[in-house]
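protein_11.txt (compact mmCIF, C-alpha atoms)
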```txt
# COMPACT_ATOMS: atom_id res chain seq x y z
CA MET A 740 84.96 8.54 122.05
CA ASN A 741 85.99 5.07 120.92
CA LYS A 742 84.44 3.76 117.73
CA SER A 743 84.76 0.41 116.00
CA ILE A 744 85.11 0.33 112.22
CA SER A 745 85.40 -2.65 109.89
CA ILE A 746 87.71 -2.42 106.92
CA ALA A 747 87.74 -4.79 103.95
CA ARG A 748 91.34 -6.03 103.74
CA TYR A 749 92.69 -7.72 100.65
CA HIS A 750 96.17 -8.89 99.87
CA PRO A 751 96.21 -10.28 96.33
CA GLU A 752 98.99 -12.79 97.02
CA GLN A 753 97.42 -14.20 100.19
CA ASP A 754 93.64 -13.78 100.02
CA ASN A 755 91.10 -15.27 97.66
CA GLN A 756 88.66 -12.48 98.48
CA PRO A 757 88.50 -9.41 100.73
CA ARG A 758 87.97 -10.10 104.46
CA LEU A 759 86.66 -7.71 107.10
CA GLN A 760 88.93 -6.65 109.92
CA ALA A 761 87.71 -4.58 112.90
CA TYR A 762 89.69 -1.66 114.36
CA GLN A 763 89.13 0.79 117.21
CA VAL A 764 89.56 4.49 116.48
CA GLN A 765 89.21 7.71 118.46
CA SER A 766 86.32 9.72 117.10
CA ASP A 767 84.90 13.16 117.81
CA HIS A 768 82.47 15.43 115.97
CA SER A 769 85.01 16.30 113.26
CA THR A 770 86.54 12.87 112.57
CA SER A 771 86.22 11.92 108.91
CA VAL A 772 86.44 8.40 107.51
CA LEU A 773 89.84 9.40 106.07
CA ASP A 774 91.00 10.54 109.56
CA ALA A 775 89.88 7.15 110.90
CA LEU A 776 91.79 5.30 108.15
CA LEU A 777 94.93 7.32 108.98
CA GLN A 778 94.52 6.34 112.66
CA VAL A 779 94.17 2.69 111.65
CA GLN A 780 97.32 2.98 109.55
CA GLN A 781 99.17 4.10 112.70
CA GLN A 782 98.08 0.86 114.38
CA ASP A 783 98.54 -1.33 111.33
CA PRO A 784 100.96 0.09 108.73
CA SER A 785 100.04 -2.68 106.27
CA LEU A 786 96.68 -1.00 105.49
CA GLY A 787 96.71 0.40 101.95
CA PHE A 788 94.53 3.30 100.75
CA ARG A 789 94.87 6.39 98.56
CA TRP A 790 94.51 9.93 99.80
CA SER A 791 96.00 13.34 99.22
CA CYS A 792 94.24 16.66 99.77
CA ARG A 793 91.80 15.96 102.67
CA MET A 794 89.41 18.58 101.24
CA ALA A 795 87.41 16.95 98.43
CA ILE A 796 89.51 18.42 95.64
CA CYS A 797 91.86 15.62 94.59
CA GLY A 798 89.33 12.79 94.31
CA SER A 799 91.79 10.16 95.60
CA CYS A 800 90.07 8.81 98.72
CA GLY A 801 86.94 7.25 97.21
CA VAL A 802 85.75 4.21 99.20
CA MET A 803 82.50 2.37 99.88
CA VAL A 804 81.10 3.38 103.28
CA ASN A 805 78.41 0.90 104.30
CA GLY A 806 78.12 -0.02 100.61
CA ILE A 807 77.65 3.56 99.32
CA PRO A 808 80.44 5.26 97.29
CA LYS A 809 81.81 8.21 99.31
CA LEU A 810 84.89 10.40 99.55
CA GLY A 811 86.60 9.44 102.82
CA CYS A 812 87.49 13.07 103.57
CA LYS A 813 83.92 14.31 103.10
CA THR A 814 82.22 11.59 105.16
CA PHE A 815 82.07 11.84 108.94
CA LEU A 816 81.94 9.16 111.63
CA ARG A 817 79.31 11.21 113.50
CA ASP A 818 76.81 10.31 110.75
CA TYR A 819 77.32 6.58 111.39
CA PRO A 820 76.33 6.00 115.04
CA ASP A 821 75.96 2.26 114.44
CA GLU A 822 78.21 0.10 112.38
CA LEU A 823 80.62 1.42 109.81
CA THR A 824 82.22 -0.72 107.14
CA VAL A 825 84.75 0.66 104.69
CA SER A 826 85.60 -1.26 101.53
CA ALA A 827 87.18 -0.64 98.12
CA LEU A 828 85.19 1.12 95.38
CA ALA A 829 82.74 -1.29 93.73
CA HIS A 830 83.00 -2.28 90.03
CA PHE A 831 86.79 -1.84 89.97
CA ALA A 832 89.46 -4.51 90.43
CA VAL A 833 90.99 -4.32 93.92
CA GLU A 834 94.78 -4.07 93.95
CA LYS A 835 95.22 -4.05 97.73
CA ASP A 836 92.84 -3.27 100.62
CA LEU A 837 91.11 0.00 99.60
CA ILE A 838 93.22 0.64 96.50
CA VAL A 839 91.53 -0.11 93.17
CA ASP A 840 92.79 -0.19 89.60
CA MET A 841 91.57 3.09 88.05
CA GLN A 842 93.04 2.29 84.63
CA PRO A 843 89.70 1.38 82.94
CA PHE A 844 88.22 4.64 84.22
CA LEU A 845 91.14 6.67 82.83
CA GLN A 846 90.89 4.87 79.48
CA HIS A 847 87.19 5.75 79.25
CA LEU A 848 87.95 9.41 80.05
CA ASN A 849 90.62 9.43 77.36
CA ALA A 850 88.29 7.88 74.77
CA VAL A 851 86.07 10.98 74.59
CA LYS A 852 88.93 13.37 73.74
CA PRO A 853 88.49 15.48 76.89
CA TYR A 854 90.29 18.61 75.75
CA LEU A 855 89.52 21.69 73.65
CA ILE A 856 89.69 20.87 69.95
CA ASN A 857 90.01 24.02 67.90
CA SER A 858 91.85 24.26 64.59
CA GLU A 859 91.98 28.05 64.75
CA GLN A 860 95.61 29.06 65.28
CA SER A 861 95.35 32.35 67.08
CA ALA A 862 97.42 34.07 69.70
CA GLU A 863 94.32 35.87 70.92
CA PRO A 864 92.39 34.41 73.87
CA HIS A 865 89.13 32.65 72.99
CA ARG A 866 86.59 34.91 74.62
CA GLN A 867 83.46 33.52 76.22
CA THR A 868 80.42 35.25 77.70
CA PRO A 869 79.11 34.31 81.17
CA ALA A 870 76.07 32.73 79.46
CA GLN A 871 78.34 30.54 77.28
CA LEU A 872 80.30 29.52 80.39
CA ALA A 873 77.10 28.67 82.29
CA LYS A 874 76.17 26.06 79.66
CA TYR A 875 78.94 23.68 80.69
CA GLN A 876 80.36 25.01 83.97
CA GLN A 877 78.60 22.51 86.24
CA PHE A 878 79.97 19.61 84.17
CA ALA A 879 83.49 21.04 84.48
CA ASN A 880 83.53 20.52 88.27
CA CYS A 881 84.34 16.79 88.05
CA ILE A 882 87.35 15.74 90.17
CA ASN A 883 87.67 12.25 88.58
CA CYS A 884 87.09 10.42 91.87
CA GLY A 885 85.23 7.55 90.18
CA LEU A 886 82.37 7.40 92.72
CA CYS A 887 79.81 7.58 89.88
CA TYR A 888 81.32 4.42 88.31
CA SER A 889 80.93 2.56 91.59
CA ALA A 890 77.33 3.78 91.83
CA CYS A 891 76.40 2.89 88.24
CA PRO A 892 74.73 -0.55 87.94
CA GLN A 893 75.17 -0.45 84.15
CA PHE A 894 78.96 0.00 84.47
CA GLY A 895 78.86 -2.91 86.94
CA LEU A 896 77.17 -5.11 84.33
CA ASN A 897 79.17 -3.83 81.36
CA PRO A 898 82.67 -2.49 82.09
CA GLU A 899 82.93 -1.28 78.47
CA PHE A 900 80.20 1.31 79.13
CA LEU A 901 81.93 4.70 78.83
CA GLY A 902 80.25 5.62 82.09
CA PRO A 903 79.00 8.77 83.84
CA ALA A 904 82.21 10.83 84.24
CA ALA A 905 83.50 10.24 80.69
CA ILE A 906 80.17 11.11 79.06
CA THR A 907 79.85 14.18 81.31
CA LEU A 908 83.32 15.29 80.24
CA ALA A 909 82.40 14.78 76.56
CA GLN A 910 79.29 16.88 77.12
CA ARG A 911 81.37 19.50 78.98
CA TYR A 912 83.53 20.04 75.87
CA ASN A 913 80.68 19.63 73.36
CA LEU A 914 78.85 22.50 75.10
CA ASP A 915 81.92 24.75 75.19
CA SER A 916 81.64 27.62 72.69
CA ARG A 917 85.44 27.56 72.13
CA ASP A 918 85.40 23.89 71.10
CA GLN A 919 85.00 22.42 67.61
CA GLY A 920 85.47 18.75 68.47
CA LYS A 921 81.87 17.57 68.81
CA ALA A 922 81.97 15.64 65.52
CA ALA A 923 85.08 13.79 66.72
CA ARG A 924 83.46 12.90 70.07
CA MET A 925 79.99 11.87 68.92
CA PRO A 926 80.97 8.42 67.49
CA GLN A 927 81.96 7.29 71.02
CA LEU A 928 78.67 8.58 72.48
CA ASN A 929 76.58 7.12 69.61
CA GLY A 930 77.77 3.53 70.15
CA LYS A 931 76.01 1.01 72.35
CA ASN A 932 78.65 1.53 75.04
CA GLY A 933 78.16 5.29 74.85
CA VAL A 934 75.12 7.19 76.11
CA TRP A 935 72.78 4.31 75.16
CA SER A 936 74.03 1.99 77.90
CA CYS A 937 72.56 4.38 80.48
CA THR A 938 69.10 3.55 81.82
CA PHE A 939 68.82 6.75 83.88
CA VAL A 940 69.10 5.13 87.30
CA GLY A 941 70.46 8.46 88.55
CA PHE A 942 72.54 7.08 91.44
CA CYS A 943 75.66 8.64 89.84
CA SER A 944 74.22 12.09 90.51
CA ASP A 945 73.24 11.12 94.08
CA VAL A 946 76.77 10.09 95.04
CA CYS A 947 78.67 12.83 93.18
CA PRO A 948 80.58 14.83 95.85
CA LYS A 949 80.82 17.90 93.59
CA LYS A 950 77.13 17.95 92.47
CA VAL A 951 78.15 17.61 88.83
CA ASP A 952 74.91 15.72 87.97
CA PRO A 953 76.32 13.25 85.44
CA ALA A 954 72.84 11.75 84.88
CA ALA A 955 71.70 15.08 83.43
CA ALA A 956 74.79 15.27 81.20
CA ILE A 957 74.17 11.73 79.88
CA ASN A 958 70.55 12.52 79.09
CA GLN A 959 71.59 15.70 77.27
CA GLY A 960 74.01 13.40 75.45
CA LYS A 961 71.12 11.10 74.47
CA VAL A 962 69.26 14.03 72.91
CA ALA A 963 72.47 15.06 71.10
CA SER A 964 73.04 11.48 69.90
CA ALA A 965 69.42 11.14 68.71
CA GLY A 966 69.85 14.41 66.77
CA ASP A 967 73.11 13.11 65.31
CA PHE A 968 71.27 9.91 64.27
CA ILE A 969 68.62 11.89 62.36
CA ILE A 970 71.24 14.08 60.65
CA SER A 971 73.22 10.97 59.64
CA MET A 972 70.16 9.59 57.83
CA PHE A 973 70.18 12.58 55.48
CA LYS A 974 73.95 12.56 55.03
CA SER A 975 74.51 9.00 53.81
CA MET B 292 90.26 -4.34 79.10
CA LYS B 293 89.95 -3.22 75.51
CA ILE B 294 91.53 0.14 74.76
CA GLU B 295 88.94 2.12 72.85
CA THR B 296 90.65 3.43 69.79
CA ALA B 297 88.42 2.12 67.01
CA GLN B 298 85.24 4.04 66.29
CA PRO B 299 82.29 2.10 67.68
CA LYS B 300 79.33 1.20 65.49
CA ARG B 301 76.37 3.59 65.72
CA SER B 302 73.63 2.18 67.94
CA ASP B 303 70.03 1.90 66.65
CA GLU B 304 68.87 2.83 70.15
CA PRO B 305 67.72 6.39 69.17
CA ILE B 306 64.74 4.82 67.33
CA TRP B 307 63.64 2.80 70.37
CA TRP B 308 64.41 5.67 72.73
CA ALA B 309 62.26 8.06 70.64
CA LEU B 310 59.34 5.58 70.71
CA PHE B 311 59.95 5.07 74.46
CA SER B 312 59.89 8.84 75.07
CA ALA B 313 56.74 9.38 73.00
CA GLY B 314 55.09 6.40 74.72
CA GLY B 315 56.03 7.80 78.12
CA VAL B 316 54.25 11.07 77.37
CA CYS B 317 51.17 9.14 76.20
CA PHE B 318 51.27 6.91 79.30
CA ALA B 319 51.40 10.01 81.50
CA VAL B 320 48.89 12.21 79.69
CA VAL B 321 46.58 10.33 77.30
CA LEU B 322 45.94 7.13 79.28
CA PRO B 323 44.89 8.79 82.57
CA GLY B 324 42.58 11.08 80.55
CA ALA B 325 41.12 8.13 78.66
CA ILE B 326 40.59 6.15 81.88
CA LEU B 327 38.93 9.16 83.50
CA ALA B 328 36.63 9.80 80.53
CA LEU B 329 35.83 6.20 79.62
CA ALA B 330 35.80 4.46 82.99
CA ILE B 331 35.78 6.60 86.13
CA LEU B 332 33.38 9.43 85.20
CA PRO B 333 30.74 7.08 83.66
CA ALA B 334 31.03 4.72 86.65
CA LEU B 335 30.40 7.60 89.05
CA GLY B 336 27.39 8.66 86.97
CA LEU B 337 29.00 12.00 86.16
CA THR B 338 28.41 11.72 82.40
CA THR B 339 25.11 12.00 80.61
CA GLY B 340 23.43 8.79 79.41
CA ASP B 341 24.30 8.93 75.75
CA SER B 342 27.77 10.46 75.89
CA LEU B 343 29.37 7.04 75.33
CA SER B 344 26.67 5.72 73.01
CA TYR B 345 27.80 3.68 69.98
CA ALA B 346 26.57 6.20 67.45
CA ARG B 347 28.35 9.11 69.11
CA MET B 348 31.61 7.19 69.68
CA ALA B 349 31.62 5.79 66.12
CA ASP B 350 31.07 9.26 64.73
CA MET B 351 33.94 10.59 66.83
CA VAL B 352 36.36 7.76 66.01
CA TYR B 353 35.74 7.77 62.24
CA HIS B 354 34.90 11.38 61.45
CA SER B 355 36.56 13.88 63.80
CA LEU B 356 40.03 15.19 63.08
CA TRP B 357 39.49 14.64 59.32
CA GLY B 358 38.65 11.00 60.09
CA LEU B 359 41.98 10.41 61.86
CA ALA B 360 40.73 10.62 65.47
CA GLY B 361 40.44 6.83 65.82
CA LEU B 362 43.93 6.29 64.43
CA ALA B 363 45.37 9.01 66.68
CA PHE B 364 43.70 7.44 69.72
CA VAL B 365 44.96 3.93 68.89
CA ALA B 366 48.48 5.33 68.36
CA ALA B 367 48.48 7.39 71.57
CA ALA B 368 46.64 4.97 73.87
CA ILE B 369 47.86 1.59 72.52
CA CYS B 370 50.82 1.63 70.09
CA LEU B 371 53.20 4.15 71.68
CA PRO B 372 52.58 2.93 75.28
CA LEU B 373 53.27 -0.62 74.03
CA PHE B 374 56.67 0.45 72.68
CA HIS B 375 57.33 2.29 75.94
CA ALA B 376 56.58 -0.88 77.93
CA ALA B 377 58.59 -3.06 75.51
CA HIS B 378 61.62 -0.77 75.95
CA ARG B 379 61.37 -1.00 79.74
CA ILE B 380 61.03 -4.80 79.65
CA HIS B 381 63.96 -5.12 77.20
CA HIS B 382 66.24 -3.05 79.45
CA GLY B 383 64.82 -4.69 82.58
CA LEU B 384 65.80 -8.11 81.19
CA HIS B 385 69.33 -6.76 80.65
CA ASP B 386 69.40 -5.52 84.26
CA LEU B 387 68.31 -8.98 85.48
CA GLN B 388 70.99 -10.48 83.22
CA LEU B 389 68.31 -12.48 81.42
CA GLY B 390 68.66 -10.89 78.02
CA GLY B 391 69.17 -7.47 76.58
CA GLY B 392 70.56 -8.94 73.37
CA LEU B 393 69.02 -9.45 69.96
CA ALA B 394 66.58 -12.15 71.17
CA SER B 395 64.94 -9.99 73.82
CA LYS B 396 64.95 -7.04 71.42
CA LEU B 397 63.10 -9.05 68.77
CA LEU B 398 60.71 -10.45 71.37
CA CYS B 399 59.90 -7.14 73.10
CA TYR B 400 59.70 -4.78 70.13
CA GLY B 401 58.29 -7.57 67.91
CA LEU B 402 55.38 -8.12 70.32
CA ALA B 403 54.81 -4.37 70.57
CA ALA B 404 54.79 -4.07 66.76
CA LEU B 405 52.49 -7.08 66.35
CA THR B 406 50.00 -5.85 68.96
CA SER B 407 50.11 -2.31 67.51
CA ALA B 408 49.45 -3.66 64.04
CA THR B 409 46.51 -5.69 65.38
CA GLY B 410 45.01 -2.56 66.96
CA VAL B 411 45.35 -0.55 63.74
CA TRP B 412 44.04 -3.48 61.66
CA LEU B 413 40.93 -3.87 63.85
CA LEU B 414 40.25 -0.12 63.55
CA VAL B 415 40.68 -0.07 59.77
CA LYS B 416 38.63 -3.28 59.35
CA ALA B 417 35.69 -1.78 61.28
CA TRP B 418 36.05 1.44 59.34
CA VAL B 419 35.97 -0.25 55.93
CA SER B 420 32.99 -2.50 56.80
```
Could you show the structure in this file as structure tokens?
Amino acid sequence: MNKSISIARYHPEQDNQPRLQAYQVQSDHSTSVLDALLQVQQQDPSLGFRWSCRMAICGSCGVMVNGIPKLGCKTFLRDYPDELTVSALAHFAVEKDLIVDMQPFLQHLNAVKPYLINSEQSAEPHRQTPAQLAKYQQFANCINCGLCYSACPQFGLNPEFLGPAAITLAQRYNLDSRDQGKAARMPQLNGKNGVWSCTFVGFCSDVCPKKVDPAAAINQGKVASAGDFIISMFKS
Amino acid sequence: MKIETAQPKRSDEPIWWALFSAGGVCFAVVLPGAILALAILPALGLTTGDSLSYARMADMVYHSLWGLAGLAFVAAAICLPLFHAAHRIHHGLHDLQLGGGLASKLLCYGLAALTSATGVWLLVKAWVS
């Protein structure tokens, strides 16, 4: 079956803003948006987009499909019988066509110290019970695709907002029984660009392809930050 | 893009968020109950004639709960919901890119504080007189 898709093209040295270009692709029941983009690239090798694993693990192929952030490999043409427009992830600077600059996202992830902090020098493994694992496991499923940042209206208004994935990652380590770094992470969450920029819109959790539920993590972070606020009043 | 290395200043948002949360509970629980008891049931004739009489209400407001019932009702039905609404308006203004800064904060929470204080003042004034 032939299907027409529109792709937002942008060449930074030639275009003032992205422009839509229509292409014809062959589509059957199993054709994903990523498959369609690969077909288009056969016709027009100048089309730029990121992809790698084709199985929703690598988080590279995030794009806007009809204005909603989606992974190209996990979104199928069969679900879009009418028009289908693919554009670059919202709220990020476009480098070329569907490729965005992920640097701000990576900086935000880095800001929350997303690694185990534990001063204990021991050759023994840090044991953990299944119940201790269950506390953070869902938040550990993030693949860093950035869809939640494109979905978040607060990140759109304020690019300094740490954002859903970074706060979820902070919460993931704060809830880990092997970690001792909560005190080092809380200052980032306590600031106005930390958990308090979130207004619980919840679209981040709707678009998350791994069902990580960043909105829940941020709201747990708000409770943690409010607790930290009260403790700080008695400390100073 | 600023690289975030410096420790950011602690936000005062927990205070407003706590008031917002408490107000949300009151909006959801206390206000519907109050509207049911004070407006809908009497209007449908489902309450007895003197259940909302001045003497009975005054006794309840000034003497039950060790004399704090009136204050508790004003806090739960007026003050906390006002702070809840103020918080929503403050953040709504930010979403509409009309504010969200210090001015809208002062305006929203200031109005909530002023109206709350008026409610408490009216209660205490009637109590004293």
(request) Show which residues sit within 12 Å of Arg789 in chain A, as a list of chain:residue names. Count only C-alpha atoms, and ignore same-chain residues fewer than 2 positions away. (result) A:Leu773, A:Leu776, A:Leu777, A:Gln780, A:Leu786, A:Gly787, A:Ser791, A:Cys792, A:Arg793, A:Cys797, A:Gly798, A:Ser799, A:Cys800, A:Gly801, A:Val802, A:Leu810, A:Gly811, A:Cys812, A:Ala827, A:Leu828, A:Glu834, A:Lys835, A:Asp836, A:Leu837, A:Ile838, A:Val839, A:Asp840, A:Met841, A:Cys884
Go ahead and dump the residues you just picked, C-alpha atoms, as a compact mmCIF listing (two decimals), in the frame of the given file.
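That gives us result_35.txt:
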```txt
# COMPACT_ATOMS: atom_id res chain seq x y z
CA LEU A 773 89.84 9.40 106.07
CA LEU A 776 91.79 5.30 108.15
CA LEU A 777 94.93 7.32 108.98
CA GLN A 780 97.32 2.98 109.55
CA LEU A 786 96.68 -1.00 105.49
CA GLY A 787 96.71 0.40 101.95
CA SER A 791 96.00 13.34 99.22
CA CYS A 792 94.24 16.66 99.77
CA ARG A 793 91.80 15.96 102.67
CA CYS A 797 91.86 15.62 94.59
CA GLY A 798 89.33 12.79 94.31
CA SER A 799 91.79 10.16 95.60
CA CYS A 800 90.07 8.81 98.72
CA GLY A 801 86.94 7.25 97.21
CA VAL A 802 85.75 4.21 99.20
CA LEU A 810 84.89 10.40 99.55
CA GLY A 811 86.60 9.44 102.82
CA CYS A 812 87.49 13.07 103.57
CA ALA A 827 87.18 -0.64 98.12
CA LEU A 828 85.19 1.12 95.38
CA GLU A 834 94.78 -4.07 93.95
CA LYS A 835 95.22 -4.05 97.73
CA ASP A 836 92.84 -3.27 100.62
CA LEU A 837 91.11 0.00 99.60
CA ILE A 838 93.22 0.64 96.50
CA VAL A 839 91.53 -0.11 93.17
CA ASP A 840 92.79 -0.19 89.60
CA MET A 841 91.57 3.09 88.05
CA CYS A 884 87.09 10.42 91.87
```
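Proximity to Gln927 in chain A was assessed for A:Arg866, A:Lys852, A:Arg911, A:Lys874 counting all atoms listed in the file; the smallest distance is recorded for A:Lys852.
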(message) Can you work out which residues from chain B touch chain A at a cut-off of 6 Å (counting all atoms listed in the file) and hand them back as a PyMOL selection string?
(response) chain B and resi 299-302+305
What residues have an atom no more than 12 Å from (82.7, 16.4, 77.7) in the file's own frame, counting all atoms listed in the file, and can you write them as a PDB file with C-alpha atoms, in the frame of the given file?
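What follows is the written file part-v5.pdb:
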```pdb
ATOM      1  CA  HIS A 847      87.190   5.750  79.250  1.00  0.00           C
ATOM      2  CA  LEU A 848      87.950   9.410  80.050  1.00  0.00           C
ATOM      3  CA  ASN A 849      90.620   9.430  77.360  1.00  0.00           C
ATOM      4  CA  ALA A 850      88.290   7.880  74.770  1.00  0.00           C
ATOM      5  CA  VAL A 851      86.070  10.980  74.590  1.00  0.00           C
ATOM      6  CA  LYS A 852      88.930  13.370  73.740  1.00  0.00           C
ATOM      7  CA  PRO A 853      88.490  15.480  76.890  1.00  0.00           C
ATOM      8  CA  TYR A 854      90.290  18.610  75.750  1.00  0.00           C
ATOM      9  CA  LEU A 855      89.520  21.690  73.650  1.00  0.00           C
ATOM     10  CA  ILE A 856      89.690  20.870  69.950  1.00  0.00           C
ATOM     11  CA  LYS A 874      76.170  26.060  79.660  1.00  0.00           C
ATOM     12  CA  TYR A 875      78.940  23.680  80.690  1.00  0.00           C
ATOM     13  CA  GLN A 876      80.360  25.010  83.970  1.00  0.00           C
ATOM     14  CA  GLN A 877      78.600  22.510  86.240  1.00  0.00           C
ATOM     15  CA  PHE A 878      79.970  19.610  84.170  1.00  0.00           C
ATOM     16  CA  ALA A 879      83.490  21.040  84.480  1.00  0.00           C
ATOM     17  CA  ASN A 880      83.530  20.520  88.270  1.00  0.00           C
ATOM     18  CA  CYS A 881      84.340  16.790  88.050  1.00  0.00           C
ATOM     19  CA  LEU A 901      81.930   4.700  78.830  1.00  0.00           C
ATOM     20  CA  GLY A 902      80.250   5.620  82.090  1.00  0.00           C
ATOM     21  CA  PRO A 903      79.000   8.770  83.840  1.00  0.00           C
ATOM     22  CA  ALA A 904      82.210  10.830  84.240  1.00  0.00           C
ATOM     23  CA  ALA A 905      83.500  10.240  80.690  1.00  0.00           C
ATOM     24  CA  ILE A 906      80.170  11.110  79.060  1.00  0.00           C
ATOM     25  CA  THR A 907      79.850  14.180  81.310  1.00  0.00           C
ATOM     26  CA  LEU A 908      83.320  15.290  80.240  1.00  0.00           C
ATOM     27  CA  ALA A 909      82.400  14.780  76.560  1.00  0.00           C
ATOM     28  CA  GLN A 910      79.290  16.880  77.120  1.00  0.00           C
ATOM     29  CA  ARG A 911      81.370  19.500  78.980  1.00  0.00           C
ATOM     30  CA  TYR A 912      83.530  20.040  75.870  1.00  0.00           C
ATOM     31  CA  ASN A 913      80.680  19.630  73.360  1.00  0.00           C
ATOM     32  CA  LEU A 914      78.850  22.500  75.100  1.00  0.00           C
ATOM     33  CA  ASP A 915      81.920  24.750  75.190  1.00  0.00           C
ATOM     34  CA  ASP A 918      85.400  23.890  71.100  1.00  0.00           C
ATOM     35  CA  GLN A 919      85.000  22.420  67.610  1.00  0.00           C
ATOM     36  CA  GLY A 920      85.470  18.750  68.470  1.00  0.00           C
ATOM     37  CA  LYS A 921      81.870  17.570  68.810  1.00  0.00           C
ATOM     38  CA  ALA A 923      85.080  13.790  66.720  1.00  0.00           C
ATOM     39  CA  ARG A 924      83.460  12.900  70.070  1.00  0.00           C
ATOM     40  CA  MET A 925      79.990  11.870  68.920  1.00  0.00           C
ATOM     41  CA  GLN A 927      81.960   7.290  71.020  1.00  0.00           C
ATOM     42  CA  LEU A 928      78.670   8.580  72.480  1.00  0.00           C
ATOM     43  CA  PRO A 953      76.320  13.250  85.440  1.00  0.00           C
ATOM     44  CA  ALA A 956      74.790  15.270  81.200  1.00  0.00           C
ATOM     45  CA  ILE A 957      74.170  11.730  79.880  1.00  0.00           C
ATOM     46  CA  GLN A 959      71.590  15.700  77.270  1.00  0.00           C
ATOM     47  CA  GLY A 960      74.010  13.400  75.450  1.00  0.00           C
TER      48      GLY A 960
END
```
(request) Between A:Phe942, A:Tyr762, A:Tyr819, A:Phe788, single out the one closest to Tyr749 in chain A, counting only C-alpha atoms. (result) A:Phe788
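Note that CA of Gly806 in chain A and CA of Met794 in chain A are 21.8 Å apart.
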(message) List the spatial neighbours of Gly410 in chain B as a ChimeraX atom specification - criterion: any atom at most 9 Å away, only C-alpha atoms, same-chain residues fewer than 4 positions off excluded.
(response) /B:365-366,369-370,405-406,414-415
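What separates CA of Cys947 in chain A from CA of Ala775 in chain A is a distance of 21.7 Å.
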(message) Please list as JSON, numbers by chain every residue within 12 Å of Cys399 in chain B, counting all atoms listed in the file and excluding residues in the same chain fewer than 4 positions away.
(response) {"B": [307, 373, 374, 375, 376, 377, 378, 379, 380, 381, 382, 383, 384, 390, 391, 392, 393, 394, 395, 403, 404, 405, 406]}
Kindly save the residues from that selection, with C-alpha atoms included, as a PDB file, keeping the file's coordinate frame.
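File produced: part-v9.pdb:
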```
ATOM      1  CA  TRP B 307      63.640   2.800  70.370  1.00  0.00           C
ATOM      2  CA  LEU B 373      53.270  -0.620  74.030  1.00  0.00           C
ATOM      3  CA  PHE B 374      56.670   0.450  72.680  1.00  0.00           C
ATOM      4  CA  HIS B 375      57.330   2.290  75.940  1.00  0.00           C
ATOM      5  CA  ALA B 376      56.580  -0.880  77.930  1.00  0.00           C
ATOM      6  CA  ALA B 377      58.590  -3.060  75.510  1.00  0.00           C
ATOM      7  CA  HIS B 378      61.620  -0.770  75.950  1.00  0.00           C
ATOM      8  CA  ARG B 379      61.370  -1.000  79.740  1.00  0.00           C
ATOM      9  CA  ILE B 380      61.030  -4.800  79.650  1.00  0.00           C
ATOM     10  CA  HIS B 381      63.960  -5.120  77.200  1.00  0.00           C
ATOM     11  CA  HIS B 382      66.240  -3.050  79.450  1.00  0.00           C
ATOM     12  CA  GLY B 383      64.820  -4.690  82.580  1.00  0.00           C
ATOM     13  CA  LEU B 384      65.800  -8.110  81.190  1.00  0.00           C
ATOM     14  CA  GLY B 390      68.660 -10.890  78.020  1.00  0.00           C
ATOM     15  CA  GLY B 391      69.170  -7.470  76.580  1.00  0.00           C
ATOM     16  CA  GLY B 392      70.560  -8.940  73.370  1.00  0.00           C
ATOM     17  CA  LEU B 393      69.020  -9.450  69.960  1.00  0.00           C
ATOM     18  CA  ALA B 394      66.580 -12.150  71.170  1.00  0.00           C
ATOM     19  CA  SER B 395      64.940  -9.990  73.820  1.00  0.00           C
ATOM     20  CA  ALA B 403      54.810  -4.370  70.570  1.00  0.00           C
ATOM     21  CA  ALA B 404      54.790  -4.070  66.760  1.00  0.00           C
ATOM     22  CA  LEU B 405      52.490  -7.080  66.350  1.00  0.00           C
ATOM     23  CA  THR B 406      50.000  -5.850  68.960  1.00  0.00           C
TER      24      THR B 406
END
```
(message) Between B:Gly401, B:Gly361, B:Asp386, B:Val419, which residue has the minimum interatomic distance to Ala349 in chain B, considering all atoms listed in the file?
(response) B:Gly361
